[in-house]
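This is model_10.tsv. It holds TSV, C-alpha atoms.
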chain	number	residue	atom	x	y	z
A	1	MET	CA	17.31	-1.77	-26.34
A	2	ASN	CA	19.64	-1.48	-23.39
A	3	THR	CA	18.34	-0.12	-20.11
A	4	ILE	CA	19.72	3.41	-19.77
A	5	PHE	CA	17.56	4.70	-16.92
A	6	THR	CA	17.94	4.25	-13.18
A	7	PRO	CA	15.56	3.04	-11.97
A	8	PRO	CA	14.35	1.35	-15.16
A	9	LEU	CA	11.66	3.20	-17.08
A	10	TYR	CA	8.80	0.85	-16.21
A	11	ILE	CA	9.51	1.29	-12.49
A	12	GLN	CA	9.48	5.06	-12.94
A	13	ARG	CA	6.05	4.80	-14.54
A	14	TYR	CA	4.70	2.79	-11.63
A	15	GLU	CA	6.21	5.28	-9.18
A	16	PHE	CA	4.52	8.12	-11.05
A	17	VAL	CA	1.12	6.48	-10.59
A	18	ILE	CA	1.84	5.70	-6.93
A	19	ASP	CA	2.85	9.32	-6.27
A	20	PHE	CA	-0.39	10.50	-7.90
A	21	VAL	CA	-2.42	8.13	-5.71
A	22	LYS	CA	-0.62	9.31	-2.56
A	23	LYS	CA	-1.36	12.94	-3.40
A	24	ASN	CA	-4.93	12.64	-4.70
A	25	LYS	CA	-6.17	9.64	-2.68
A	26	PRO	CA	-8.66	8.12	-5.15
A	27	LYS	CA	-10.97	5.52	-3.61
A	28	LYS	CA	-11.64	3.57	-6.82
A	29	VAL	CA	-8.84	2.78	-9.27
A	30	VAL	CA	-8.88	0.64	-12.41
A	31	ASP	CA	-5.81	-0.29	-14.47
A	32	LEU	CA	-6.57	-0.91	-18.14
A	33	GLY	CA	-4.36	-3.55	-19.73
A	34	CYS	CA	-3.31	-4.72	-16.26
A	35	ASN	CA	-1.36	-7.66	-17.72
A	36	ASP	CA	0.43	-9.50	-14.87
A	37	CYS	CA	-1.06	-7.15	-12.22
A	38	THR	CA	2.30	-5.65	-11.21
A	39	LEU	CA	0.87	-2.15	-10.78
A	40	LEU	CA	-2.11	-3.52	-8.84
A	41	ARG	CA	0.19	-5.38	-6.46
A	42	LYS	CA	1.91	-2.10	-5.66
A	43	LEU	CA	-1.29	-0.09	-5.28
A	44	LYS	CA	-2.98	-2.53	-2.89
A	45	PHE	CA	-0.79	-1.24	-0.05
A	46	HIS	CA	-2.39	2.21	-0.22
A	47	LYS	CA	-5.17	2.00	2.32
A	48	GLU	CA	-7.14	4.95	0.95
A	49	ILE	CA	-8.14	2.78	-2.03
A	50	GLU	CA	-11.40	0.88	-1.44
A	51	LEU	CA	-11.87	-0.69	-4.89
A	52	LEU	CA	-8.88	-1.73	-7.00
A	53	ALA	CA	-9.64	-3.28	-10.38
A	54	GLY	CA	-7.78	-4.47	-13.43
A	55	LEU	CA	-8.99	-5.20	-16.94
A	56	ASP	CA	-7.17	-7.15	-19.64
A	57	ILE	CA	-8.25	-8.99	-22.75
A	58	ASP	CA	-5.88	-11.90	-22.02
A	59	CYS	CA	-7.32	-13.89	-19.13
A	60	ALA	CA	-4.41	-16.35	-19.14
A	61	VAL	CA	-1.85	-13.73	-18.15
A	62	ILE	CA	-4.16	-12.50	-15.37
A	63	ARG	CA	-4.75	-16.00	-14.01
A	64	ALA	CA	-1.02	-16.62	-13.82
A	65	LYS	CA	-0.54	-13.86	-11.22
A	66	MET	CA	-3.93	-13.02	-9.74
A	67	TYR	CA	-3.52	-14.94	-6.48
A	68	GLU	CA	-0.56	-12.74	-5.58
A	69	LEU	CA	-3.20	-10.09	-4.90
A	70	ALA	CA	-4.71	-12.15	-2.07
A	71	PRO	CA	-4.42	-10.90	1.53
A	72	ILE	CA	-1.34	-12.01	3.43
A	73	PRO	CA	-1.35	-12.90	7.17
A	74	THR	CA	-0.37	-9.40	8.28
A	75	ASP	CA	-3.50	-8.04	6.57
A	76	TYR	CA	-5.52	-10.01	9.13
A	77	LEU	CA	-3.31	-9.01	12.05
A	78	GLN	CA	-3.50	-5.32	11.16
A	79	PRO	CA	-6.66	-4.80	9.12
A	80	GLY	CA	-7.28	-1.42	7.57
A	81	ASP	CA	-9.91	1.06	8.65
A	82	HIS	CA	-11.83	0.48	5.42
A	83	PRO	CA	-12.34	-2.68	3.35
A	84	LEU	CA	-10.34	-3.12	0.15
A	85	THR	CA	-11.95	-5.05	-2.70
A	86	ILE	CA	-9.83	-6.22	-5.62
A	87	GLU	CA	-11.47	-7.37	-8.84
A	88	LEU	CA	-9.99	-8.53	-12.14
A	89	TYR	CA	-12.05	-8.44	-15.32
A	90	GLN	CA	-11.59	-9.96	-18.73
A	91	GLY	CA	-12.56	-7.44	-21.36
A	92	SER	CA	-11.50	-5.04	-24.09
A	93	VAL	CA	-10.56	-1.40	-23.64
A	94	THR	CA	-12.42	-0.59	-26.84
A	95	GLU	CA	-15.78	-1.93	-25.61
A	96	ARG	CA	-18.19	-0.39	-23.11
A	97	ASP	CA	-18.24	-2.38	-19.90
A	98	PRO	CA	-20.56	-1.35	-17.00
A	99	ARG	CA	-18.06	-2.76	-14.50
A	100	THR	CA	-15.58	-0.01	-15.38
A	101	LYS	CA	-17.86	2.96	-14.70
A	102	GLY	CA	-17.67	5.12	-11.60
A	103	PHE	CA	-13.92	5.04	-11.00
A	104	ASP	CA	-11.96	7.96	-9.58
A	105	LEU	CA	-8.79	7.06	-11.46
A	106	VAL	CA	-8.16	5.14	-14.68
A	107	THR	CA	-4.60	4.19	-15.60
A	108	SER	CA	-3.48	3.15	-19.05
A	109	ILE	CA	0.26	2.54	-18.89
A	110	GLU	CA	1.94	1.88	-22.25
A	111	LEU	CA	-1.28	0.42	-23.66
A	112	ILE	CA	-2.62	2.70	-26.36
A	113	GLU	CA	0.27	2.02	-28.76
A	114	HIS	CA	-0.72	-1.67	-28.81
A	115	LEU	CA	-4.08	-0.79	-30.40
A	116	GLN	CA	-4.73	-0.53	-34.10
A	117	LEU	CA	-5.00	3.11	-35.12
A	118	GLU	CA	-8.65	2.60	-36.06
A	119	ASP	CA	-9.31	1.43	-32.50
A	120	VAL	CA	-7.85	4.54	-30.85
A	121	ASP	CA	-11.06	6.53	-31.36
A	122	ARG	CA	-13.11	3.74	-29.74
A	123	PHE	CA	-10.64	3.61	-26.83
A	124	THR	CA	-10.93	7.37	-26.42
A	125	GLU	CA	-14.74	7.29	-26.38
A	126	VAL	CA	-14.86	4.35	-23.96
A	127	VAL	CA	-12.42	5.86	-21.47
A	128	PHE	CA	-13.41	9.53	-21.54
A	129	GLY	CA	-16.98	9.36	-22.80
A	130	TYR	CA	-18.37	6.19	-21.25
A	131	MET	CA	-16.19	5.48	-18.18
A	132	ALA	CA	-15.78	9.22	-17.50
A	133	PRO	CA	-13.36	8.91	-14.57
A	134	VAL	CA	-12.44	11.84	-12.34
A	135	ALA	CA	-8.84	11.44	-13.51
A	136	ALA	CA	-6.92	9.37	-16.03
A	137	ILE	CA	-3.21	8.73	-16.49
A	138	ILE	CA	-2.22	7.77	-20.04
A	139	SER	CA	1.40	6.95	-20.87
A	140	THR	CA	2.90	6.02	-24.22
A	141	PRO	CA	6.38	5.97	-25.82
A	142	ASN	CA	7.71	9.24	-27.23
A	143	ALA	CA	8.90	8.56	-30.78
A	144	ASP	CA	11.04	11.72	-30.72
A	145	PHE	CA	13.19	10.07	-28.07
A	146	ASN	CA	13.86	6.87	-30.04
A	147	PRO	CA	17.06	8.08	-31.78
A	148	LEU	CA	18.63	8.52	-28.32
A	149	LEU	CA	18.06	4.86	-27.39
A	150	PRO	CA	21.14	2.78	-28.18
A	151	GLY	CA	20.64	-0.09	-30.60
A	152	LEU	CA	16.97	0.69	-31.32
A	153	THR	CA	15.67	0.29	-34.85
A	154	GLY	CA	11.98	0.62	-35.58
A	155	PHE	CA	9.44	0.55	-32.75
A	156	ARG	CA	10.39	-0.22	-29.16
A	157	HIS	CA	8.30	-3.39	-29.03
A	158	TYR	CA	7.29	-5.89	-31.67
A	159	ASP	CA	3.59	-5.49	-30.81
A	160	HIS	CA	3.48	-1.69	-31.09
A	161	LYS	CA	1.15	-0.60	-33.90
A	162	PHE	CA	2.37	3.02	-33.77
A	163	GLU	CA	4.44	5.35	-31.62
A	164	TRP	CA	3.43	8.99	-31.29
A	165	THR	CA	5.75	11.95	-31.35
A	166	LYS	CA	5.40	14.55	-28.62
A	167	VAL	CA	3.28	16.77	-30.91
A	168	GLU	CA	1.06	13.87	-32.02
A	169	PHE	CA	0.37	12.77	-28.46
A	170	GLN	CA	-0.44	16.28	-27.31
A	171	THR	CA	-2.68	16.86	-30.32
A	172	TRP	CA	-4.69	13.72	-29.45
A	173	ALA	CA	-4.86	14.67	-25.76
A	174	LEU	CA	-6.08	18.22	-26.40
A	175	LYS	CA	-8.77	16.87	-28.72
A	176	VAL	CA	-9.89	14.59	-25.88
A	177	CYS	CA	-10.19	17.62	-23.61
A	178	ARG	CA	-12.29	19.56	-26.12
A	179	GLU	CA	-14.66	16.70	-26.81
A	180	PHE	CA	-15.14	15.32	-23.28
A	181	GLY	CA	-14.59	18.25	-20.93
A	182	TYR	CA	-11.20	17.36	-19.44
A	183	VAL	CA	-8.04	19.34	-18.78
A	184	VAL	CA	-4.64	17.73	-19.26
A	185	ALA	CA	-1.16	18.24	-17.86
A	186	PHE	CA	1.74	16.89	-19.89
A	187	THR	CA	4.71	15.28	-18.18
A	188	GLY	CA	6.61	12.01	-18.36
A	189	VAL	CA	9.44	9.85	-17.07
A	190	GLY	CA	12.89	9.09	-18.41
A	191	GLN	CA	15.21	11.96	-19.20
A	192	ILE	CA	18.80	12.18	-20.32
A	193	PRO	CA	20.51	15.17	-18.65
A	194	ALA	CA	22.20	16.31	-21.84
A	195	GLN	CA	19.13	16.02	-24.07
A	196	GLU	CA	17.45	18.99	-25.69
A	197	GLU	CA	14.37	20.06	-23.76
A	198	SER	CA	12.24	20.06	-26.90
A	199	ILE	CA	12.54	16.29	-27.27
A	200	GLY	CA	10.62	15.62	-24.08
A	201	PHE	CA	10.49	12.50	-21.94
A	202	CYS	CA	11.25	8.97	-23.10
A	203	SER	CA	7.82	7.88	-21.87
A	204	GLN	CA	5.31	10.72	-22.22
A	205	ILE	CA	2.36	10.99	-19.84
A	206	GLY	CA	-0.90	12.89	-19.97
A	207	VAL	CA	-2.70	13.44	-16.66
A	208	PHE	CA	-6.35	14.15	-17.44
A	209	GLN	CA	-8.70	15.57	-14.83
A	210	ILE	CA	-12.36	16.49	-14.82
A	211	ASP	CA	-14.33	18.67	-12.45
A	212	ARG	CA	-17.29	16.33	-12.17
A	213	SER	CA	-17.17	12.81	-10.69
A	214	GLY	CA	-18.66	9.72	-12.24
A	215	GLY	CA	-21.58	7.91	-10.62
A	216	ASP	CA	-21.44	4.42	-9.20
A	217	ALA	CA	-22.98	2.11	-11.77
A	218	PRO	CA	-23.78	-1.52	-10.90
A	219	ARG	CA	-20.87	-3.79	-11.75
A	220	LEU	CA	-21.61	-6.96	-13.65
A	221	GLN	CA	-20.33	-10.21	-12.18
A	222	ASN	CA	-19.97	-12.03	-15.52
A	223	ASN	CA	-16.34	-12.59	-16.56
A	224	VAL	CA	-15.00	-11.42	-13.21
A	225	LEU	CA	-11.84	-13.51	-13.10
A	226	TYR	CA	-10.96	-12.76	-9.50
A	227	ASN	CA	-12.59	-11.12	-6.51
A	228	VAL	CA	-11.16	-10.74	-3.01
A	229	VAL	CA	-12.19	-8.49	-0.12
A	230	TYR	CA	-9.47	-7.52	2.35
A	231	PRO	CA	-10.20	-7.59	6.09
A	232	SER	CA	-11.04	-4.27	7.72
A	233	LEU	CA	-12.05	-2.91	11.09
A	234	CYS	CA	-15.49	-2.15	9.65
A	235	ASP	CA	-16.24	-5.85	10.17
A	236	SER	CA	-17.26	-6.23	13.83
A	237	ASN	CA	-15.84	-9.76	14.08
A	238	ILE	CA	-12.46	-8.63	12.75
A	239	PHE	CA	-12.50	-5.58	15.02
A	240	GLN	CA	-13.19	-7.70	18.10
A	241	ARG	CA	-10.53	-10.26	17.21
A	242	THR	CA	-7.98	-7.52	16.52
A	243	LEU	CA	-8.63	-5.69	19.78
A	244	VAL	CA	-8.42	-8.93	21.82
A	245	ASN	CA	-5.17	-9.86	20.08
A	246	GLU	CA	-3.69	-6.45	20.87
A	247	VAL	CA	-4.80	-6.61	24.51
A	248	LEU	CA	-3.31	-10.08	25.00
A	249	TYR	CA	-0.14	-9.18	23.15
A	250	TRP	CA	0.51	-6.03	25.19
A	251	ALA	CA	-0.50	-7.69	28.45
A	252	GLU	CA	2.04	-10.46	27.85
A	253	THR	CA	4.67	-7.92	26.83
A	254	LEU	CA	4.17	-5.83	29.95
A	255	LYS	CA	4.19	-8.95	32.13
A	256	ARG	CA	7.49	-10.12	30.68
A	257	GLU	CA	9.09	-6.70	31.17
A	258	TRP	CA	7.83	-6.59	34.77
A	259	LEU	CA	9.17	-10.08	35.55
A	260	GLU	CA	12.51	-9.17	34.00
A	261	GLU	CA	12.75	-6.17	36.32
A	262	ILE	CA	11.95	-8.39	39.30
A	263	ARG	CA	14.61	-10.89	38.23
A	264	PHE	CA	17.15	-8.08	37.86
A	265	GLU	CA	16.39	-6.79	41.35
A	266	VAL	CA	16.62	-10.27	42.88
A	267	GLU	CA	19.91	-11.06	41.12
A	268	ASN	CA	21.34	-7.76	42.31
A	269	GLU	CA	19.97	-8.32	45.82
A	270	GLU	CA	17.86	-5.18	45.73
A	271	VAL	CA	15.30	-4.95	48.48
A	272	GLY	CA	11.60	-5.16	47.68
A	273	GLY	CA	11.85	-6.71	44.24
A	274	GLU	CA	8.62	-8.71	44.56
A	275	GLY	CA	6.72	-5.69	45.66
A	276	ARG	CA	7.75	-3.46	42.76
A	277	THR	CA	4.72	-1.58	41.39
A	278	ASP	CA	6.26	1.09	39.13
A	279	MET	CA	4.59	-0.42	36.06
A	280	GLY	CA	1.29	-0.84	37.87
A	281	LEU	CA	1.34	-4.66	37.63
A	282	TYR	CA	0.80	-6.85	40.68
A	283	ARG	CA	0.41	-10.48	41.72
A	284	GLU	CA	-2.67	-12.38	42.80
A	285	GLY	CA	-1.59	-15.87	43.84
A	286	GLN	CA	0.08	-17.53	40.84
A	287	SER	CA	-1.16	-14.90	38.42
A	288	VAL	CA	0.07	-11.53	37.23
A	289	CYS	CA	-2.51	-8.77	36.88
A	290	VAL	CA	-2.12	-6.08	34.21
A	291	PRO	CA	-4.34	-3.04	34.89
A	292	LEU	CA	-6.56	-1.89	32.02
A	293	VAL	CA	-5.42	1.67	32.69
A	294	ARG	CA	-1.87	0.55	31.86
A	295	LEU	CA	-3.00	-1.29	28.74
A	296	CYS	CA	-4.86	1.78	27.48
A	297	SER	CA	-1.56	3.64	27.44
A	298	CYS	CA	-0.34	1.31	24.67
A	299	PRO	CA	-0.93	3.19	21.38
A	300	ARG	CA	-2.62	0.44	19.38
A	301	VAL	CA	-4.96	-0.57	22.23
A	302	GLN	CA	-5.83	3.07	22.86
A	303	ALA	CA	-6.52	3.68	19.15
A	304	LEU	CA	-8.92	0.72	19.01
A	305	SER	CA	-10.67	1.02	22.38
A	306	GLY	CA	-10.61	4.73	23.10
A	307	THR	CA	-11.19	4.82	26.85
A	308	VAL	CA	-10.72	2.48	29.81
A	309	GLN	CA	-14.48	2.35	30.21
A	310	HIS	CA	-15.00	1.17	26.64
A	311	LEU	CA	-12.19	-1.37	26.95
A	312	THR	CA	-13.63	-2.72	30.23
A	313	LYS	CA	-17.10	-3.11	28.74
A	314	PHE	CA	-15.69	-4.86	25.69
A	315	LEU	CA	-13.51	-7.30	27.66
A	316	LEU	CA	-16.28	-8.18	30.10
A	317	GLU	CA	-18.22	-9.49	27.10
A	318	ASN	CA	-15.30	-11.47	25.67
A	319	SER	CA	-14.47	-14.96	26.94
A	320	ARG	CA	-10.89	-14.98	25.59
A	321	VAL	CA	-9.68	-12.52	28.21
A	322	GLN	CA	-9.80	-13.22	31.96
A	323	LEU	CA	-10.33	-10.18	34.19
A	324	THR	CA	-10.01	-9.69	37.94
A	325	ASN	CA	-13.19	-9.83	39.98
A	326	ASP	CA	-13.48	-6.05	39.98
A	327	GLY	CA	-12.90	-5.93	36.21
A	328	THR	CA	-9.95	-3.54	36.38
A	329	ALA	CA	-7.07	-5.77	35.21
A	330	VAL	CA	-6.25	-8.63	32.85
A	331	VAL	CA	-5.22	-11.82	34.63
A	332	LEU	CA	-2.29	-13.81	33.18
A	333	VAL	CA	-0.90	-17.06	34.53
A	334	ASP	CA	2.64	-16.59	35.85
A	335	ASN	CA	4.52	-19.45	34.13
A	336	ASP	CA	7.77	-18.14	35.49
A	337	ASP	CA	10.17	-20.44	33.66
A	338	GLU	CA	8.45	-19.88	30.36
A	339	ASP	CA	8.25	-16.13	30.88
A	340	LEU	CA	11.94	-15.79	31.54
A	341	GLU	CA	12.83	-17.44	28.24
A	342	TRP	CA	12.28	-14.23	26.35
A	343	ASP	CA	13.15	-14.40	22.67
A	344	GLU	CA	15.02	-11.24	21.77
A	345	ASN	CA	14.13	-11.77	18.12
A	346	CYS	CA	10.42	-11.53	18.79
A	347	ASP	CA	8.60	-8.59	17.29
A	348	ASN	CA	7.76	-6.09	20.02
A	349	THR	CA	6.45	-3.34	17.81
A	350	GLY	CA	2.82	-3.77	18.76
A	351	THR	CA	1.70	-5.60	15.65
A	352	GLY	CA	-0.12	-8.36	17.47
A	353	PRO	CA	0.92	-12.03	17.66
A	354	PHE	CA	4.43	-12.74	16.48
A	355	LEU	CA	4.40	-13.46	12.78
A	356	VAL	CA	6.94	-12.80	10.09
A	357	SER	CA	5.69	-12.89	6.54
A	358	SER	CA	8.31	-14.15	4.13
A	359	VAL	CA	7.89	-12.16	0.95
A	360	GLU	CA	10.29	-12.66	-1.87
A	361	ASN	CA	11.93	-9.62	-3.37
A	362	GLU	CA	10.42	-8.58	-6.65
A	363	ASP	CA	12.27	-9.89	-9.64
A	364	TRP	CA	12.54	-6.78	-11.80
A	365	GLU	CA	13.04	-8.08	-15.27
A	366	THR	CA	15.25	-6.27	-17.75
A	367	GLU	CA	13.18	-3.77	-19.67
A	368	LEU	CA	12.88	-4.57	-23.35
A	369	GLY	CA	11.70	-1.48	-25.11
A	370	GLN	CA	8.61	-0.78	-23.01
With the file now loaded, output its structure as C-alpha cells.
Amino acid sequence: MNTIFTPPLYIQRYEFVIDFVKKNKPKKVVDLGCNDCTLLRKLKFHKEIELLAGLDIDCAVIRAKMYELAPIPTDYLQPGDHPLTIELYQGSVTERDPRTKGFDLVTSIELIEHLQLEDVDRFTEVVFGYMAPVAAIISTPNADFNPLLPGLTGFRHYDHKFEWTKVEFQTWALKVCREFGYVVAFTGVGQIPAQEESIGFCSQIGVFQIDRSGGDAPRLQNNVLYNVVYPSLCDSNIFQRTLVNEVLYWAETLKREWLEEIRFEVENEEVGGEGRTDMGLYREGQSVCVPLVRLCSCPRVQALSGTVQHLTKFLLENSRVQLTNDGTAVVLVDNDDEDLEWDENCDNTGTGPFLVSSVENEDWETELGQ
C-alpha cells in the first residue's frame, strides 16, 4: 500500500496520543504491544509522566531498542521536577499481569487486529476489567476505508487476523462500556478530503474514559526487561549539583560580559572603564566578584534558590563555590586572556555547562499497511 497521508498514518496516531497526554496529563502510562518503543521514546519528553511502561510478548524486539530510552546528558543538566521511571515488561495482553494495574492511561495502537478473534474477549477483560485504567486509547484499521487505499488487496498487514468495519468496532466498544463502566468517544486519523463522511477514518480510534481511578498495585519485578529512573530535582544530590552548576555558569557568563564591556571602554579610550559597576561586579585583587543579588536575577538560579538568603546559606555549605569573606558574592579568578577568548558558538541560554547532544533524526520508515 502506498503512503497517501501526510504525515504518514502511524505518525498521526502517535501525535494523537501525545496530544491526549498534553491535555489530560496522566502520571502513569503503559503502551501495550510497545514493539520497538517508538511511542515510548516520544512520550518520555513529557515531564508530567512519572511512570512510563511498555509491554510486548516479543522480548527480542524490545531489547533491540530499549537502551534508546536511557537518559541523555541534558537530562542530568536539566533534571525534571519529578522523577521519571521507565519500565519494559515481557508479557501477553491477554493475561493478567499485576505490573500493569494502576495506570492512568493505557494505549493499544494497532494491536487488537493482531489477536485471534477468540482472544479479543480475553484482551477486553484484561484491559478494562483487570487493569481498569482511568483512560484507554484503542486504535485499529477501518475495513470500510480499505477500498480507498491504492493497490490494497486483502488485509493491510500479513499478520492481521481480522479488520473491523466502523460499525463492528463501535459495537465492540459500546459493549465494553456497558460491561465495565466506561464511556467512549469515537474518532480517528487519516482522512481523504473527498471521501464520504460515513466511511470514517482510515485508522479508527476509541477513547475510553472512566470516572473512577485504579489503585496502585505492587508491580512484580520478574520479567522486567528494562528499568531506568531519570534524574529529578527531588533527589537532593541532583538538586545541589544542578544549582551549583547554574550558579557557576551564570557567574562565568556575567564575568565575561563585564570584562567585554571593560575591554570595549578601554579600546575606545572611555574614561573609568576599570571602575565600571553597572552590572554590580567588581574586582578584588586578581579576582572578579559576582554579587549573589545579581545571580538571583538570573531566571534559572532564581527558580532553584528562591531568595538571596537561601542561595547564600546553600553556597556557604558547598565547597565548589568560593565566596567573599562577607558571603555576598561569588569569587572567580580573572584569567584575562582566557576570558577574552569568548566562543560565540557557546550556548548562553542558561542550560548549565556547555554541552550539545548529538541526536540523529528519526528515520521514519515507509508505512506498509499499518
Fill in the blank from the handout: re CA of Ser319 in chain A and CA of Thr242 in chain A: distance 14.4 Å
Exercise for the section: May I have the residues within 10 Å of range 293-297 of chain A as a ChimeraX atom specification, using only C-alpha atoms and disregarding those fewer than 2 positions away in the same chain? Expected result: /A:246-248,250-251,254,279-281,290-291,299-309,311-312,328-330
Take the selection from the previous step and output its residues with C-alpha atoms, as a compact mmCIF listing (two decimals), in the frame of the given file.
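Printed below is out.txt as written:
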# COMPACT_ATOMS: atom_id res chain seq x y z
CA GLU A 246 -3.69 -6.45 20.87
CA VAL A 247 -4.80 -6.61 24.51
CA LEU A 248 -3.31 -10.08 25.00
CA TRP A 250 0.51 -6.03 25.19
CA ALA A 251 -0.50 -7.69 28.45
CA LEU A 254 4.17 -5.83 29.95
CA MET A 279 4.59 -0.42 36.06
CA GLY A 280 1.29 -0.84 37.87
CA LEU A 281 1.34 -4.66 37.63
CA VAL A 290 -2.12 -6.08 34.21
CA PRO A 291 -4.34 -3.04 34.89
CA PRO A 299 -0.93 3.19 21.38
CA ARG A 300 -2.62 0.44 19.38
CA VAL A 301 -4.96 -0.57 22.23
CA GLN A 302 -5.83 3.07 22.86
CA ALA A 303 -6.52 3.68 19.15
CA LEU A 304 -8.92 0.72 19.01
CA SER A 305 -10.67 1.02 22.38
CA GLY A 306 -10.61 4.73 23.10
CA THR A 307 -11.19 4.82 26.85
CA VAL A 308 -10.72 2.48 29.81
CA GLN A 309 -14.48 2.35 30.21
CA LEU A 311 -12.19 -1.37 26.95
CA THR A 312 -13.63 -2.72 30.23
CA THR A 328 -9.95 -3.54 36.38
CA ALA A 329 -7.07 -5.77 35.21
CA VAL A 330 -6.25 -8.63 32.85
Practice task
For CA of Cys37 in chain A and CA of Cys59 in chain A, quote the distance in Å rounded to one decimal.
Solution key: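 Atom-to-atom, CA of Cys37 in chain A to CA of Cys59 in chain A, that is 11.5 Å.
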Practice task
May I have the residues within 7 Å of range 123-133 of chain A as a VMD selection string, using only C-alpha atoms and disregarding those fewer than 3 positions away in the same chain?
Solution key: chain A and resid 93 to 96 100 to 106 119 to 120 136 180 213 to 214
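Across the structure, CA of Ala53 in chain A and CA of Arg41 in chain A are spaced 10.8 Å apart.
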Exercise for the section: Determine the nearest neighbour of Tyr89 in chain A from the options A:Glu110, A:Glu317, A:Asp31, A:Asp159, counting only C-alpha atoms. Expected result: A:Asp31
Practice task
Go through A:Phe162, A:Leu51, A:Gln209, A:Cys298 and flag the residue nearest Glu118 in chain A, using only C-alpha atoms for the distances.
Solution key: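 Selected residue with least distance to Glu118 in chain A: A:Phe162.
With distances restricted to all atoms listed in the file, A:Leu39 is the closest residue to Tyr10 in chain A from A:Val333, A:Leu39, A:Val184, A:Leu259.
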Handout entry: Nearest to His46 in chain A by atom-to-atom distance, counting only C-alpha atoms, from A:Leu292, A:Val189, A:Leu243, A:Val21
Key = A:Val21
Problem - Among listed residues A:Cys177, A:Glu252, A:Ala135, A:Ser203, nearest Thr165 in chain A (using only C-alpha atoms) - result: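 Selected residue with least distance to Thr165 in chain A: A:Ser203.
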Practice task
Have a look at A:Ile62, A:Leu316, A:Ala143, A:Ile57 and name the one nearest to Leu115 in chain A; count only C-alpha atoms.
Solution key: A:Ile57
Handout entry: Expected answer as a PyMOL selection string: all residues with atoms within 12 Å of (5.6, 19.6, -15.0), all atoms listed in the file
Key = chain A and resi 184-189+200-201+204-207
Taking all atoms of range 250-260 of chain A that appear in the file, build a box with edges along x, y and z, extend it by 6 Å on every side, and state its centre and edge lengths in Å to one decimal, as lines of an AutoDock Vina configuration file.
center_x = 6.0
center_y = -8.1
center_z = 30.4
size_x = 25.0
size_y = 16.6
size_z = 22.4
